[in-house]
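*Asks:* Got a structure for you, questions after.
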Amino acid sequence: MKKIGFSLLVVLLALGSMIIPQNASAAKHDEATRGEFIKQVVTALNLQTGDGSSLTFKDVDKQLAPYVEAAVKAGLVHGRSATLFDTNGSLTREQAFVISARAAKTDKTYPMTLLDRFKDKKDFGASLRPEMAKSIGLGLLKGYSDRTAKPKQPVMKNETRAIVNRLVKVSQQHPGTPETDDATVALRVMGTTDLHMNLVNYDYYQDKLIQDYGLAKVGVLIDKARSEVKNTLLFDNGDLIQGTPLGTYEVSVNPLKKGEVHPSFAAMQALDYDVMSLGNHEFNYGLDYLDQVIETAGMPVLNSNVYDVKTGKNRYKPYTILNKEVTDSKGAKHQLKVGVIGVVAPGILRWDGAVLEGKVTVEDAAESVQKFLPEVQKQGADLVFVIAHSGIGNEKAEKNADDVTWQISAMDGVDGVLTGHNHALFPGDFKDVKNADQEAGTLNGTPVVMPGKFGSHLGLLDYEMKLKDGKWSILSGKGSLRQVDEKSTDVHQGVMDAVSKSHEGTLDYIRTPVSKTTADITSYFALVKDDPSIQIVTDAQKRYVESQIPGTKYADLPVLSVGAPFKAGGRYGSDYYTDIPAGDIAIKNMADLYVFDNTITGLVMTGADVKEWLEMSGGQFNQIDPSKSGEQNVLNTNYRSYLFDVIDGVTYEYDVTQPNKYDGDGKVVNEGANRVKNLKFDGKPIDPAQKFMVVTNNYRASGNFPGVRNASDTVAYQYENRQAIVDYMVANDPLDPSADNNWSIQPVSGASMIFETSDKGKKYIGDDGRIKYVGPSQDGYAKYELK
């Protein structure tokens with residue numbers, strides 16, 4: 001390479017010095033300025049502009065001032081100082097996306113881990129990282145293909161259009177971009193539902209503290225949620241006064257004295273609830289008791305669809321108008337009128353007909369809301385909420401259906417719904433329901449929450465509103481849930497203090513024997529022969545339903561009762577069996593006898609349906625080959641014991657040499673199979689056409705079990721199976737835990753049928769000649785032979 005002469009080099013350097021500034025100037029000219037970007041954002045979002053006179057910045061001209069003023073009032077941007085905005089200053093990508101994130105109003109928080117997708121995340125400003133995470137989560141910031149965000153890089157003029165277009169799209173998905181001149185009001189409505197007397201975080205059946213539910217746990221969430229928003233209200237959706245031994249204790253052991261506050265309302269008063277609506281379980285103990293409880297509630301207790309038979313008028317207060325003082329974003333005070341309407345599922349007449357029949361009538365819940373909505377609006381309500389003790393349902397609902405929240409949420413003029421009854425979650429569950437937006441927590445565009453059961457969650461309905469020309473309008477609204485902290489032992493001390501006396505009394509109550517048993521109650525052999533642990537359950541259920549059906553259309557139906565061996569080892573281990581020793585038996589022993597929090601349900605079905613139900617239960621057994629030598633396990637270890645239903649009130653046998661008719665999902669696998677033999681009612685072969693009232697639990701009744709799915713009518717009594725067992729034991733003291741041997745497995749000549757259960761079972765074989773102890777196997781189990 002030839003050397004360049006010194007003079008030529010000087011010339012080239014001189015030319016270079018002239019060219020470089022020109023290129024830099026051109027690039028600088030293509031960069032967007034802070035002022036230009038702000039004008040585009042304000043214009044695209046239609047933010048209201050003024051004359052710019054409130055600005056203190058000295059470097060903003062009259063043409064740009066209205067746009068900068070609007071952005072500052074909306075909280076989108078700040079100046080470099082009190083007097084310097086830096087209108088013509090360079091706009092970095094970081095600044096553009098922070099401004100965009102602020103403009104996209106949404107209450108949703110986004111995790112900082114979103115920043116991890118960019119290799120240059122260290123370049124993000126520390127104080128701006130939450131807003132940058134929000135920008136990423138909203139889809140505003142996309143980044144480059146090399147996994148960089150280049151936050152400090154200037155934004156080019158041709159890039160601003162794409163950023164603003166994304167912002168407009170996001171703002172449409174998350175309405176509520178602020179108006180600049182009008183102050184806004186943030187309102188949070190908190191809600192609980194289906195507490196069922198779980199006031200303290202205590203499992204009375206297991207006699208131990210728990211941390212995953214209870215009003216004392218929810219109270220911690222309530223305090224935190226209140227601290228976050230200036231203006232709050234707190235609602236409850238009923239099913240409050242019944243459900244745990246604490247509720248039973250207050251009714252039967254420590255009945256309310258005149259003027260005494262029920263512990264559930266004492267707890268709610270400690271949390272400053274504003275209003276409650278009645279659930280179906282409020283009617284369990286009759287109208288007189290409910291009147292006494294409501295008398296000292298200390299808050300409006302609502303219901304609009306229950307009417308007095310004699311007067312034809314509403315039995316309870318149908319709605320209320322809450323006069324709420326609210327503080328806006330500028331600190332000014334306003335009066336907000338909040339209308340609240342309450343409804344309950346019409347099924348109360350089916351479930352509690354024994355105490356309600358002839359005293360009240362119940363109207364369709366959705367129609368009742370529609371009836372009172374204009375009246376509430378006429379009373380001047382600025383917003384209207386419905387507390388609906390009614391499940392979510394769907395777009396199709398018959399008159400007097402129990403689940404009509406879908407219909408209520410679709411009504412013009414309903415601004416939010418606190419629902420329940422299903423013991424489920426929304427948002428969260430009901431994903432297949434039409435017009436259900438899980439992200440926004442809305443149903444038909446209306447914010448809706450269903451906060452679980454027993455105090456597991458707190459529901460939040462959050463709104464941003466503005467007052468203009470004397471009228472309130474909603475800028476945005478959403479529903480969300482917060483779950484109690486299972487890892488924390490924190491409780492609301494106010495709730496604990498309010499119910500401490502009743503709680504301590506309940507502990508004494510559950511630990512006090514309610515009956516005696518003359519023999520041990522175990523479930524070690526419940527899968528191979530009729531067992532006392534199931535007999536007690538089925539007898540208790542039958543006793544309860546037989547007390548409920550006189551005077552109803554079901555009065556003449558024979559009552560059968562269904563139970564299952566819930567605790568039968570299996571995947572839970574060799575200690576997972578019912579084992580209650582002879583002697584005193586207390587309420588807390590119910591958890592050992594009946595595991596689940598079920599309620600009693602009656603199914604009207606035929607003898608043919610009963611047969612198919614039992615064929616399904618026969619899946620508990622393997623098919624035995626009589627010609628096969630060697631041991632054959634008679635129990636199907638892949639079949640869950642809680643699916644093995646025993647039906648008392650009929651007699652029958654299982655022929656295990658036959659194949660099973662159904663698989664574990666209730667689908668037919670052997671059409672012609674017939675395992676159930678000698679099925680009889682009242683000593684005679686069962687009539688396939690005869691109708692029965694078959695008593696089971698709400699879980700089985702809602703499933704797709706063969707036979708069950710053919711039921712012509714369902715009666716949900718809304719009474720706990722456990723409580724029915726307690727009632728039965730109190731009425732049968734001492735208790736003789738014996739089985740009536742209404743079912744059995746037919747012997748199989750020549751076959752060696754074996755099964756496993758706990759090794760502890762060997763001492764309970766007694767004089768049963770069909771069961772022989774073979775020896776221990778492993779992990780606490782033992783092998784037995786069924787002859």
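Just so we're on the same page: first chain in the structure tokens is A, next is B, and so on; residues restart at 1 for each chain, and ligands are numbered from 1 in the order they show up.
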Find the residues around A:Gly494 up to 8 Å (only C-alpha atoms counted), leave out those fewer than 3 positions away in its own chain, and share them as a PDB file with C-alpha atoms, in the first residue's frame.
*Replies:*
ATOM      1  CA  ALA A 267     -67.288 -10.615  63.547  1.00  0.00           C
ATOM      2  CA  ALA A 270     -65.485  -5.838  63.752  1.00  0.00           C
ATOM      3  CA  LEU A 271     -64.599  -5.582  60.072  1.00  0.00           C
ATOM      4  CA  ASP A 497     -61.918 -11.020  69.954  1.00  0.00           C
ATOM      5  CA  ALA A 498     -65.490 -10.715  68.695  1.00  0.00           C
TER       6      ALA A 498
END
*Asks:* With only C-alpha atoms as the counted atoms, please give the residues lying no more than 9 Å from A:Pro706, apart from itself and same-chain residues fewer than 4 positions off, as a ChimeraX atom specification.
*Replies:* /A:609-610,612-616,662,666-667,710
*Asks:* Could you pull the residues within 7 Å of A:Lys217, counting only C-alpha atoms, minus those fewer than 5 positions along the same chain, as JSON, numbers by chain?
*Replies:* {"A": [201, 484, 490, 491, 492]}
*Asks:* Put those residues in a file: all heavy atoms, as a PDB file, in the first residue's frame.
*Replies:*
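This is the output file part_29.pdb:
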ATOM      1  N   ASN A 201     -60.164 -19.412  61.996  1.00  0.00           N
ATOM      2  CA  ASN A 201     -59.435 -20.349  61.129  1.00  0.00           C
ATOM      3  C   ASN A 201     -59.211 -21.656  61.895  1.00  0.00           C
ATOM      4  O   ASN A 201     -58.100 -21.980  62.319  1.00  0.00           O
ATOM      5  CB  ASN A 201     -58.106 -19.745  60.657  1.00  0.00           C
ATOM      6  CG  ASN A 201     -57.244 -19.242  61.792  1.00  0.00           C
ATOM      7  OD1 ASN A 201     -57.731 -18.646  62.740  1.00  0.00           O
ATOM      8  ND2 ASN A 201     -55.954 -19.464  61.688  1.00  0.00           N
ATOM      9  N   VAL A 484     -56.305 -16.054  50.692  1.00  0.00           N
ATOM     10  CA  VAL A 484     -55.658 -15.902  51.991  1.00  0.00           C
ATOM     11  C   VAL A 484     -54.288 -16.559  51.947  1.00  0.00           C
ATOM     12  O   VAL A 484     -54.037 -17.481  51.178  1.00  0.00           O
ATOM     13  CB  VAL A 484     -56.508 -16.514  53.130  1.00  0.00           C
ATOM     14  CG1 VAL A 484     -57.869 -15.861  53.209  1.00  0.00           C
ATOM     15  CG2 VAL A 484     -56.650 -18.017  52.968  1.00  0.00           C
ATOM     16  N   ASP A 490     -50.965 -15.005  60.434  1.00  0.00           N
ATOM     17  CA  ASP A 490     -51.625 -13.750  60.774  1.00  0.00           C
ATOM     18  C   ASP A 490     -53.140 -13.894  60.703  1.00  0.00           C
ATOM     19  O   ASP A 490     -53.680 -14.488  59.769  1.00  0.00           O
ATOM     20  CB  ASP A 490     -51.193 -12.636  59.821  1.00  0.00           C
ATOM     21  CG  ASP A 490     -49.742 -12.239  60.004  1.00  0.00           C
ATOM     22  OD1 ASP A 490     -49.163 -12.601  61.046  1.00  0.00           O
ATOM     23  OD2 ASP A 490     -49.185 -11.583  59.106  1.00  0.00           O
ATOM     24  N   VAL A 491     -53.827 -13.338  61.706  1.00  0.00           N
ATOM     25  CA  VAL A 491     -55.285 -13.301  61.725  1.00  0.00           C
ATOM     26  C   VAL A 491     -55.728 -11.906  62.139  1.00  0.00           C
ATOM     27  O   VAL A 491     -54.943 -11.121  62.679  1.00  0.00           O
ATOM     28  CB  VAL A 491     -55.868 -14.345  62.704  1.00  0.00           C
ATOM     29  CG1 VAL A 491     -55.607 -15.755  62.221  1.00  0.00           C
ATOM     30  CG2 VAL A 491     -55.327 -14.145  64.116  1.00  0.00           C
ATOM     31  N   HIS A 492     -56.993 -11.605  61.883  1.00  0.00           N
ATOM     32  CA  HIS A 492     -57.540 -10.309  62.266  1.00  0.00           C
ATOM     33  C   HIS A 492     -57.967 -10.392  63.733  1.00  0.00           C
ATOM     34  O   HIS A 492     -58.899 -11.117  64.084  1.00  0.00           O
ATOM     35  CB  HIS A 492     -58.735  -9.963  61.379  1.00  0.00           C
ATOM     36  CG  HIS A 492     -59.186  -8.543  61.512  1.00  0.00           C
ATOM     37  ND1 HIS A 492     -59.950  -8.110  62.572  1.00  0.00           N
ATOM     38  CD2 HIS A 492     -58.968  -7.460  60.720  1.00  0.00           C
ATOM     39  CE1 HIS A 492     -60.194  -6.816  62.427  1.00  0.00           C
ATOM     40  NE2 HIS A 492     -59.602  -6.396  61.308  1.00  0.00           N
TER      41      HIS A 492
END
*Asks:* Taking only C-alpha atoms into account, which of A:Asn158, A:Ser547, A:Gln723, A:Thr56 comes nearest A:Ala32?
*Replies:*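 Answer, going by the shortest atom-to-atom distance: A:Asn158.
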*Asks:* At a cut-off of 8 Å, using only C-alpha atoms, what residues contact A:Asp645? Leave out same-chain residues fewer than 2 positions from it and give the result as a list in words.
*Replies:*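 Using only C-alpha atoms, the neighbours found are Val562, Gly563, Ala564, Pro565, Leu614, Ser617, Tyr642, Leu643 and Ile647 of chain A.
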*Asks:* I need the residues of stretch 149-322 of chain A that end up classed as strand (DSSP E) by DSSP on the backbone, written out as a PyMOL selection string.
*Replies:* chain A and resi 184-192+202-203+208-209+231-236+275-277+301-302+306-308+319-322
*Asks:* Tell me which protein, DNA and RNA residues are within 10 Å of A:Gly570, counting only C-alpha atoms, leaving out same-chain ones fewer than 6 positions away, and put them as a PyMOL selection string.
*Replies:* chain A and resi 576-577+637-641+756-758+781
*Asks:* Grab the residues selected above and save them as a compact mmCIF listing (two decimals), in the first residue's frame with N, CA and C atoms.
*Replies:*
# COMPACT_ATOMS: atom_id res chain seq x y z
N TYR A 576 -54.81 -44.90 56.81
CA TYR A 576 -55.96 -44.11 56.38
C TYR A 576 -57.23 -44.96 56.38
N TYR A 577 -57.69 -45.27 57.57
CA TYR A 577 -58.92 -46.01 57.76
C TYR A 577 -59.68 -45.39 58.93
N THR A 637 -57.24 -52.05 42.49
CA THR A 637 -56.53 -50.97 43.20
C THR A 637 -56.53 -49.65 42.44
N ASN A 638 -56.94 -49.67 41.17
CA ASN A 638 -57.01 -48.44 40.38
C ASN A 638 -58.37 -47.75 40.52
N TYR A 639 -59.27 -48.39 41.23
CA TYR A 639 -60.62 -47.84 41.42
C TYR A 639 -60.67 -47.14 42.78
N ARG A 640 -61.07 -45.88 42.79
CA ARG A 640 -61.09 -45.09 44.03
C ARG A 640 -62.20 -45.58 44.95
N SER A 641 -61.86 -45.74 46.21
CA SER A 641 -62.84 -46.29 47.16
C SER A 641 -64.06 -45.40 47.33
N GLU A 756 -55.78 -56.79 50.06
CA GLU A 756 -54.95 -56.16 51.08
C GLU A 756 -55.74 -55.08 51.81
N THR A 757 -55.48 -55.02 53.10
CA THR A 757 -55.94 -53.91 53.92
C THR A 757 -54.92 -53.76 55.03
N SER A 758 -55.16 -52.85 55.95
CA SER A 758 -54.18 -52.61 57.00
C SER A 758 -53.96 -53.86 57.86
N TYR A 781 -49.42 -52.77 55.50
CA TYR A 781 -50.53 -53.54 54.95
C TYR A 781 -50.34 -55.02 55.23
*Asks:* Using DSSP on the backbone, list every residue of stretch 583-631 of chain A that comes out as helix (DSSP H, G or I), and give them as a count of residues only.
*Replies:* 21
*Asks:* Could you list, as a VMD selection string, every residue within 10 Å of A:Val309, counting only C-alpha atoms and ignoring same-chain residues fewer than 3 positions away?
*Replies:* chain A and resid 306 312 to 315 357 to 362
